[in-house]
>>> print(open('input_8.cif').read())   # mmCIF, C-alpha atoms and all ligand atoms
data_upload
#
loop_
_atom_site.label_atom_id
_atom_site.label_comp_id
_atom_site.auth_asym_id
_atom_site.auth_seq_id
_atom_site.Cartn_x
_atom_site.Cartn_y
_atom_site.Cartn_z
CA MET A 1 48.23 -132.50 -33.12
CA VAL A 2 45.11 -134.51 -32.47
CA ARG A 3 41.57 -133.51 -33.23
CA ARG A 4 40.79 -132.42 -29.69
CA GLY A 5 43.80 -130.12 -29.46
CA LEU A 6 42.98 -128.76 -32.87
CA ALA A 7 39.38 -128.10 -31.81
CA ALA A 8 40.54 -126.04 -28.84
CA GLY A 9 43.03 -124.20 -31.03
CA ILE A 10 41.02 -123.12 -34.07
CA THR A 11 37.28 -123.28 -33.37
CA GLY A 12 35.70 -119.86 -33.74
CA ARG A 13 38.81 -118.23 -35.24
CA ARG A 14 38.71 -116.25 -38.46
CA VAL A 15 41.33 -116.79 -41.17
CA LEU A 16 43.34 -113.68 -41.96
CA ALA A 17 45.70 -115.10 -44.57
CA VAL A 18 46.92 -118.41 -45.98
CA GLN A 19 50.36 -119.16 -47.38
CA VAL A 20 50.94 -122.26 -49.47
CA LEU A 21 54.65 -123.04 -49.22
CA HIS A 22 54.53 -126.13 -51.44
CA PRO A 23 51.90 -126.70 -54.15
CA ARG A 24 51.72 -130.47 -53.82
CA PRO A 25 49.51 -130.75 -50.71
CA VAL A 26 46.86 -128.57 -52.37
CA ARG A 27 47.05 -130.29 -55.77
CA ARG A 28 43.44 -131.41 -55.50
CA HIS A 29 42.36 -127.77 -55.56
CA LEU A 30 42.44 -127.47 -59.34
CA PRO A 31 42.32 -123.65 -59.64
CA GLY A 32 45.72 -123.60 -57.93
CA PRO A 33 47.43 -122.66 -54.65
CA GLU A 34 46.73 -118.92 -54.82
CA HIS A 35 43.06 -119.55 -55.40
CA PHE A 36 43.08 -122.02 -52.52
CA ALA A 37 44.56 -119.41 -50.19
CA ALA A 38 42.05 -116.78 -51.29
CA GLU A 39 39.13 -119.19 -50.85
CA LEU A 40 40.00 -119.81 -47.21
CA THR A 41 40.69 -116.22 -46.28
CA GLY A 42 37.99 -114.52 -44.23
CA ARG A 43 36.25 -117.74 -43.19
CA THR A 44 35.74 -118.82 -39.58
CA PHE A 45 36.46 -122.36 -38.40
CA ALA A 46 33.95 -124.49 -36.53
CA GLU A 47 34.89 -127.65 -34.61
CA PRO A 48 37.07 -130.18 -36.49
CA CYS A 49 35.95 -133.77 -37.09
CA ARG A 50 37.76 -136.94 -38.08
CA ARG A 51 37.04 -140.09 -40.01
CA GLY A 52 39.73 -142.63 -40.80
CA LYS A 53 42.80 -140.84 -42.08
CA TYR A 54 40.80 -137.73 -42.82
CA LEU A 55 40.28 -134.68 -40.70
CA TRP A 56 37.87 -132.05 -41.80
CA LEU A 57 37.82 -128.53 -40.48
CA PRO A 58 34.33 -127.14 -41.02
CA PHE A 59 33.74 -123.45 -41.56
CA ASP A 60 30.74 -121.74 -40.05
CA ASP A 61 29.42 -121.09 -43.59
CA GLY A 62 28.78 -124.80 -44.34
CA ASP A 63 31.93 -125.57 -46.33
CA ALA A 64 34.95 -127.38 -44.94
CA LEU A 65 38.68 -127.71 -45.29
CA LEU A 66 39.32 -131.41 -45.85
CA ALA A 67 42.68 -132.85 -44.85
CA HIS A 68 43.95 -136.26 -45.81
CA LEU A 69 46.84 -136.97 -43.49
CA GLY A 70 48.38 -139.67 -45.69
CA MET A 71 51.48 -141.22 -44.17
CA SER A 72 53.01 -138.19 -42.54
CA GLY A 73 50.62 -135.23 -42.47
CA GLN A 74 49.95 -133.33 -39.26
CA PHE A 75 48.62 -130.02 -38.03
CA ARG A 76 50.45 -127.88 -35.53
CA LEU A 77 49.60 -124.67 -33.73
CA ASP A 78 52.64 -122.47 -33.25
CA GLU A 79 53.32 -118.84 -32.56
CA ALA A 80 53.85 -117.03 -35.85
CA THR A 81 57.36 -116.10 -34.73
CA ALA A 82 58.34 -119.73 -33.98
CA PRO A 83 60.73 -121.27 -36.52
CA LEU A 84 59.09 -123.46 -39.16
CA LEU A 85 59.62 -127.18 -38.92
CA PRO A 86 61.12 -128.79 -42.02
CA ASN A 87 58.36 -129.88 -44.39
CA THR A 88 55.93 -127.16 -43.35
CA ARG A 89 53.63 -126.85 -46.35
CA VAL A 90 50.75 -124.51 -45.49
CA LEU A 91 50.42 -121.66 -42.99
CA VAL A 92 47.17 -120.17 -41.76
CA ASP A 93 47.21 -116.84 -39.93
CA PHE A 94 44.24 -115.75 -37.89
CA ALA A 95 42.62 -112.37 -37.46
CA ASP A 96 43.19 -112.50 -33.70
CA GLY A 97 46.95 -112.65 -34.24
CA ASP A 98 47.35 -115.67 -31.95
CA ALA A 99 48.92 -119.03 -32.79
CA GLN A 100 49.31 -119.96 -36.44
CA LEU A 101 47.91 -123.19 -37.87
CA ARG A 102 50.61 -125.11 -39.74
CA PHE A 103 50.24 -128.15 -41.95
CA VAL A 104 53.42 -130.21 -41.94
CA ASP A 105 53.80 -133.17 -44.27
CA GLN A 106 57.06 -134.83 -45.18
CA ARG A 107 55.94 -137.29 -47.82
CA MET A 108 52.92 -135.41 -49.13
CA PHE A 109 50.75 -138.38 -50.04
CA GLY A 110 47.86 -136.58 -48.42
CA GLY A 111 46.85 -132.97 -48.68
CA LEU A 112 44.28 -130.26 -48.22
CA SER A 113 41.24 -129.38 -50.27
CA LEU A 114 38.15 -127.24 -49.94
CA SER A 115 34.96 -129.26 -49.64
CA PRO A 116 31.93 -127.17 -50.67
CA GLY A 117 29.02 -127.97 -48.36
CA GLY A 118 31.24 -130.39 -46.48
CA ALA A 119 30.86 -129.02 -42.96
CA ARG A 120 28.69 -131.86 -41.69
CA LEU A 121 30.40 -134.62 -43.66
CA PRO A 122 32.40 -134.03 -46.84
CA ALA A 123 30.95 -135.98 -49.77
CA GLU A 124 34.49 -137.06 -50.67
CA ILE A 125 34.68 -139.23 -47.56
CA ALA A 126 31.05 -140.17 -46.97
CA HIS A 127 31.83 -143.76 -48.05
CA ILE A 128 34.43 -144.25 -45.31
CA ALA A 129 33.14 -146.06 -42.25
CA ARG A 130 33.64 -144.95 -38.68
CA ASP A 131 36.61 -146.32 -36.75
CA PRO A 132 36.28 -148.11 -33.39
CA PHE A 133 37.21 -144.96 -31.47
CA ASP A 134 34.57 -142.79 -33.09
CA PRO A 135 32.02 -141.79 -30.43
CA GLU A 136 29.25 -142.96 -32.76
CA PHE A 137 30.89 -146.27 -33.66
CA ASP A 138 28.38 -149.07 -33.22
CA ALA A 139 29.97 -152.53 -33.08
CA HIS A 140 26.61 -154.29 -33.34
CA GLU A 141 25.74 -152.42 -36.51
CA VAL A 142 29.16 -153.20 -38.00
CA VAL A 143 28.71 -156.88 -37.16
CA ALA A 144 25.25 -156.94 -38.72
CA ARG A 145 26.63 -155.44 -41.93
CA LEU A 146 29.66 -157.72 -41.85
CA ARG A 147 27.45 -160.79 -41.64
CA ARG A 148 25.51 -159.70 -44.73
CA LYS A 149 28.71 -159.76 -46.80
CA ARG A 150 29.93 -162.73 -48.77
CA THR A 151 33.56 -162.51 -47.93
CA GLY A 152 36.18 -163.63 -45.42
CA ILE A 153 36.48 -162.10 -41.98
CA LYS A 154 39.92 -160.57 -42.46
CA ARG A 155 39.01 -159.01 -45.79
CA ALA A 156 35.94 -157.52 -44.08
CA LEU A 157 38.05 -156.08 -41.25
CA LEU A 158 40.26 -154.35 -43.81
CA ASP A 159 37.27 -152.96 -45.73
CA GLN A 160 37.27 -149.22 -44.99
CA GLN A 161 33.63 -149.00 -46.01
CA LEU A 162 32.69 -151.36 -43.20
CA VAL A 163 35.01 -150.18 -40.45
CA SER A 164 38.01 -147.90 -40.80
CA GLY A 165 41.35 -147.94 -39.05
CA ILE A 166 41.93 -151.68 -38.73
CA GLY A 167 45.12 -152.36 -40.67
CA ASN A 168 46.81 -155.64 -41.51
CA ILE A 169 48.59 -155.92 -38.18
CA TYR A 170 45.57 -155.18 -36.04
CA ALA A 171 43.45 -157.58 -38.07
CA ASP A 172 45.87 -160.47 -37.59
CA GLU A 173 46.26 -159.80 -33.89
CA ALA A 174 42.50 -159.44 -33.38
CA LEU A 175 41.78 -162.70 -35.22
CA TRP A 176 44.34 -164.47 -33.07
CA LEU A 177 42.79 -163.07 -29.87
CA ALA A 178 39.35 -164.21 -31.00
CA ARG A 179 40.70 -167.60 -32.20
CA THR A 180 39.34 -167.06 -35.66
CA HIS A 181 40.83 -168.02 -39.04
CA TYR A 182 41.21 -165.12 -41.45
CA ALA A 183 39.31 -166.91 -44.21
CA ARG A 184 36.24 -167.62 -42.09
CA ALA A 185 33.12 -166.74 -44.08
CA THR A 186 31.39 -163.64 -42.69
CA ALA A 187 27.97 -164.92 -43.73
CA THR A 188 28.12 -167.91 -41.40
CA ILE A 189 30.12 -166.55 -38.50
CA PRO A 190 27.98 -166.35 -35.34
CA THR A 191 27.13 -162.81 -34.24
CA ARG A 192 28.79 -163.39 -30.89
CA LYS A 193 32.04 -164.48 -32.54
CA ALA A 194 32.00 -161.55 -34.96
CA LEU A 195 31.50 -159.18 -32.03
CA GLU A 196 34.41 -160.84 -30.29
CA VAL A 197 36.62 -160.16 -33.33
CA VAL A 198 35.60 -156.50 -33.59
CA THR A 199 36.06 -156.03 -29.84
CA ALA A 200 39.48 -157.68 -30.06
CA ALA A 201 40.50 -155.35 -32.88
CA THR A 202 39.54 -152.37 -30.74
CA ALA A 203 41.52 -153.77 -27.81
CA VAL A 204 44.61 -154.34 -29.98
CA MET A 205 44.41 -150.81 -31.32
CA ARG A 206 44.01 -149.45 -27.80
CA THR A 207 47.12 -151.37 -26.74
CA ALA A 208 49.03 -149.92 -29.67
CA LEU A 209 47.95 -146.47 -28.56
CA GLY A 210 49.05 -147.05 -25.02
CA GLN A 211 52.44 -148.31 -26.06
CA GLY A 212 53.42 -146.48 -29.18
CA GLY A 213 51.43 -143.32 -29.44
CA THR A 214 49.48 -140.78 -27.51
CA SER A 215 46.31 -140.78 -29.53
CA PHE A 216 44.39 -142.60 -32.18
CA ASP A 217 45.32 -139.83 -34.60
CA SER A 218 49.00 -140.46 -33.99
CA LEU A 219 48.39 -144.14 -34.63
CA TYR A 220 47.42 -143.12 -38.13
CA VAL A 221 49.97 -140.43 -38.54
CA ASN A 222 53.10 -141.80 -36.97
CA VAL A 223 52.86 -145.55 -36.72
CA ASN A 224 53.42 -146.99 -40.13
CA GLY A 225 53.33 -150.72 -39.68
CA ALA A 226 54.59 -152.37 -36.55
CA SER A 227 57.10 -150.19 -34.86
CA GLY A 228 58.48 -149.30 -31.49
CA TYR A 229 57.07 -150.80 -28.36
CA PHE A 230 54.06 -152.29 -30.05
CA ASP A 231 56.34 -154.63 -31.95
CA ARG A 232 57.20 -156.47 -28.76
CA SER A 233 53.63 -157.26 -27.87
CA LEU A 234 52.62 -158.85 -31.16
CA ALA A 235 51.36 -162.42 -30.81
CA VAL A 236 51.36 -163.53 -34.44
CA TYR A 237 52.00 -160.65 -36.83
CA GLY A 238 55.57 -160.93 -38.11
CA GLN A 239 56.16 -163.92 -35.82
CA GLU A 240 56.47 -166.71 -38.39
CA GLY A 241 57.95 -169.84 -36.83
CA ARG A 242 57.83 -168.45 -33.29
CA PRO A 243 55.61 -170.12 -30.71
CA CYS A 244 52.02 -168.98 -30.32
CA PRO A 245 51.90 -167.24 -26.91
CA ARG A 246 48.79 -169.24 -26.05
CA CYS A 247 49.52 -172.80 -27.18
CA GLY A 248 53.14 -172.86 -28.35
CA SER A 249 52.43 -174.00 -31.92
CA PRO A 250 54.71 -172.32 -34.49
CA VAL A 251 53.01 -169.30 -36.07
CA ARG A 252 52.36 -169.61 -39.80
CA ARG A 253 52.63 -166.99 -42.49
CA GLU A 254 50.31 -167.40 -45.46
CA ALA A 255 49.72 -165.40 -48.63
CA PHE A 256 46.72 -163.14 -48.35
CA MET A 257 45.55 -160.34 -50.68
CA ASN A 258 49.09 -159.84 -52.08
CA ARG A 259 50.33 -159.56 -48.51
CA SER A 260 50.48 -161.96 -45.61
CA ALA A 261 48.26 -163.36 -42.94
CA PHE A 262 49.83 -164.66 -39.76
CA ARG A 263 47.99 -167.20 -37.65
CA CYS A 264 48.35 -169.97 -35.13
CA PRO A 265 47.44 -173.23 -36.89
CA ARG A 266 45.98 -174.65 -33.69
CA CYS A 267 44.13 -171.66 -32.20
CA GLN A 268 42.87 -170.50 -35.59
CA ARG A 269 41.94 -173.64 -37.45
CA THR A 270 41.16 -173.70 -41.16
CA PRO A 271 37.39 -173.40 -41.52
CA HIS A 272 35.31 -176.22 -42.92
CA GLY A 273 33.00 -175.33 -45.79
CA ASP A 274 32.97 -171.76 -47.08
CA ALA A 275 36.27 -169.97 -46.78
CA TYR A 276 37.78 -166.94 -48.49
CA ALA A 277 41.51 -167.37 -48.67
CA GLY A 278 42.53 -163.96 -49.89
ZN ZN A 301 47.92 -171.08 -30.60
#
>>> encode(input="input_8.cif", output="structure tokens")
Amino acid sequence: MVRRGLAAGITGRRVLAVQVLHPRPVRRHLPGPEHFAAELTGRTFAEPCRRGKYLWLPFDDGDALLAHLGMSGQFRLDEATAPLLPNTRVLVDFADGDAQLRFVDQRMFGGLSLSPGGARLPAEIAHIARDPFDPEFDAHEVVARLRRKRTGIKRALLDQQLVSGIGNIYADEALWLARTHYARATATIPTRKALEVVTAATAVMRTALGQGGTSFDSLYVNVNGASGYFDRSLAVYGQEGRPCPRCGSPVRREAFMNRSAFRCPRCQRTPHGDAYAG
């Protein structure tokens, strides 16, 4: 369930009871699962917010329930009588007796924690930058900060403190679209070119949404790597040896930050001077 659906489903509702069905997702709450459940009980939710892989569900008292969705976490709203999905970990019942909030997480890399004073922005995630679909995302500001860094463009795109949500695949595809080598130094890249790269990344992510998922949240939650329909529209990522869709040169795979970077050797030429090759 995406943030918007969640907002419509829980905002203004008071928690009657919480059941923790598996302790792992609440492991960050050190006093334990029972204490976690008691802490939430009686509070009223305000409108949920999202940043990167985190959702936070503010309470009207200034605290928040912080959720890291990890690889597989998701919220659902179901009638209390509806059967539980496998891997349901936490249940929240409301005083109004309507639909139950359920946290489902198969792999449990993420989890839930209480963030004291975190209603506006939990301190735990204050360092994470906005993603391109955040209403307050400002591409010009991101580009200005990017150009102050002494690093390579791809490394900057993957830096969650600069911009969140751009993974390895989206970075490679965006750099190809903007005809930019991954090692290009951010300090010397022209503003216009940097904007082109960030805009391209947003476009690639939007395409992925249109083809593989229904929302940006599901991009995070369900699409782990290149999968499904999106796979077929990749220009360079995972396409080693295949022709570049623009010029026909064979796509190259190169080592980058313990992973790979895929590029067209002709459209994305090796930069002269400063370069940051992973
Ligand atoms: Zn090419």
>>> closest_atom_pairs(input="input_8.cif", of="chain A", to="ligand ZN 301 (chain A)", cutoff="9 Å", atoms="only C-alpha atoms and all ligand atoms", output="JSON lines")
{"residue": "A:Trp176", "atom": "CA", "partner": "A:ZN301", "partner_atom": "ZN", "distance": 7.9}
{"residue": "A:Arg179", "atom": "CA", "partner": "A:ZN301", "partner_atom": "ZN", "distance": 8.2}
{"residue": "A:Pro243", "atom": "CA", "partner": "A:ZN301", "partner_atom": "ZN", "distance": 7.8}
{"residue": "A:Cys244", "atom": "CA", "partner": "A:ZN301", "partner_atom": "ZN", "distance": 4.6}
{"residue": "A:Pro245", "atom": "CA", "partner": "A:ZN301", "partner_atom": "ZN", "distance": 6.6}
{"residue": "A:Arg246", "atom": "CA", "partner": "A:ZN301", "partner_atom": "ZN", "distance": 5.0}
{"residue": "A:Cys247", "atom": "CA", "partner": "A:ZN301", "partner_atom": "ZN", "distance": 4.1}
{"residue": "A:Gly248", "atom": "CA", "partner": "A:ZN301", "partner_atom": "ZN", "distance": 6.0}
{"residue": "A:Ser249", "atom": "CA", "partner": "A:ZN301", "partner_atom": "ZN", "distance": 5.5}
{"residue": "A:Pro250", "atom": "CA", "partner": "A:ZN301", "partner_atom": "ZN", "distance": 7.9}
{"residue": "A:Val251", "atom": "CA", "partner": "A:ZN301", "partner_atom": "ZN", "distance": 7.7}
{"residue": "A:Arg263", "atom": "CA", "partner": "A:ZN301", "partner_atom": "ZN", "distance": 8.0}
{"residue": "A:Cys264", "atom": "CA", "partner": "A:ZN301", "partner_atom": "ZN", "distance": 4.7}
{"residue": "A:Pro265", "atom": "CA", "partner": "A:ZN301", "partner_atom": "ZN", "distance": 6.7}
{"residue": "A:Arg266", "atom": "CA", "partner": "A:ZN301", "partner_atom": "ZN", "distance": 5.1}
{"residue": "A:Cys267", "atom": "CA", "partner": "A:ZN301", "partner_atom": "ZN", "distance": 4.2}
{"residue": "A:Gln268", "atom": "CA", "partner": "A:ZN301", "partner_atom": "ZN", "distance": 7.1}
>>> residues_near_point(input="input_8.cif", point="(39.4, -113.5, -40.4)", cutoff="6 Å", atoms="all atoms listed in the file", output="short mmCIF file (atom, residue, chain, number, x, y, z; two decimals) with C-alpha atoms, in the frame of the given file")
data_model
loop_
_atom_site.label_atom_id
_atom_site.label_comp_id
_atom_site.auth_asym_id
_atom_site.auth_seq_id
_atom_site.Cartn_x
_atom_site.Cartn_y
_atom_site.Cartn_z
CA ARG A 14 38.71 -116.25 -38.46
CA VAL A 15 41.33 -116.79 -41.17
CA LEU A 16 43.34 -113.68 -41.96
CA GLY A 42 37.99 -114.52 -44.23
CA ARG A 43 36.25 -117.74 -43.19
CA PHE A 94 44.24 -115.75 -37.89
CA ALA A 95 42.62 -112.37 -37.46
#
>>> closest_residue(input="input_8.cif", among="A:Leu234, A:Ala64, A:Ala183, A:Thr270", to="Val204 in chain A", atoms="only C-alpha atoms")
A:Leu234
>>> residues_near_point(input="input_8.cif", point="(31.5, -161.3, -31.9)", cutoff="12 Å", atoms="all atoms listed in the file", output="ChimeraX atom specification")
/A:139-144,146-147,153,174-175,177-180,186,189-201
>>> closest_residue(input="input_8.cif", among="A:Gly118, A:Pro31, A:Ala156, A:Arg89", to="Arg76 in chain A", atoms="all atoms listed in the file")
A:Arg89
>>> axis_aligned_box(input="input_8.cif", around="range 75-79 of chain A", padding_each_side="5 Å", output="JSON")
{"center_x": 51.0, "center_y": -124.4, "center_z": -35.3, "size_x": 14.7, "size_y": 21.2, "size_z": 15.5}
>>> residues_around(input="input_8.cif", residues="Val18 in chain A", least_positions_apart="3", cutoff="9 Å", atoms="only C-alpha atoms", output="PDB file with C-alpha atoms, in the frame of the given file")
ATOM      1  CA  VAL A  15      41.330-116.790 -41.170  1.00  0.00           C
ATOM      2  CA  GLU A  34      46.730-118.920 -54.820  1.00  0.00           C
ATOM      3  CA  PHE A  36      43.080-122.020 -52.520  1.00  0.00           C
ATOM      4  CA  ALA A  37      44.560-119.410 -50.190  1.00  0.00           C
ATOM      5  CA  ALA A  38      42.050-116.780 -51.290  1.00  0.00           C
ATOM      6  CA  LEU A  40      40.000-119.810 -47.210  1.00  0.00           C
ATOM      7  CA  THR A  41      40.690-116.220 -46.280  1.00  0.00           C
ATOM      8  CA  VAL A  90      50.750-124.510 -45.490  1.00  0.00           C
ATOM      9  CA  LEU A  91      50.420-121.660 -42.990  1.00  0.00           C
ATOM     10  CA  VAL A  92      47.170-120.170 -41.760  1.00  0.00           C
ATOM     11  CA  ASP A  93      47.210-116.840 -39.930  1.00  0.00           C
ATOM     12  CA  PHE A  94      44.240-115.750 -37.890  1.00  0.00           C
TER      13      PHE A  94
END
>>> residues_around(input="input_8.cif", residues="Leu158 in chain A", least_positions_apart="4", cutoff="8 Å", atoms="all atoms listed in the file", output="PyMOL selection string")
chain A and resi 154+163-164+166-168+171
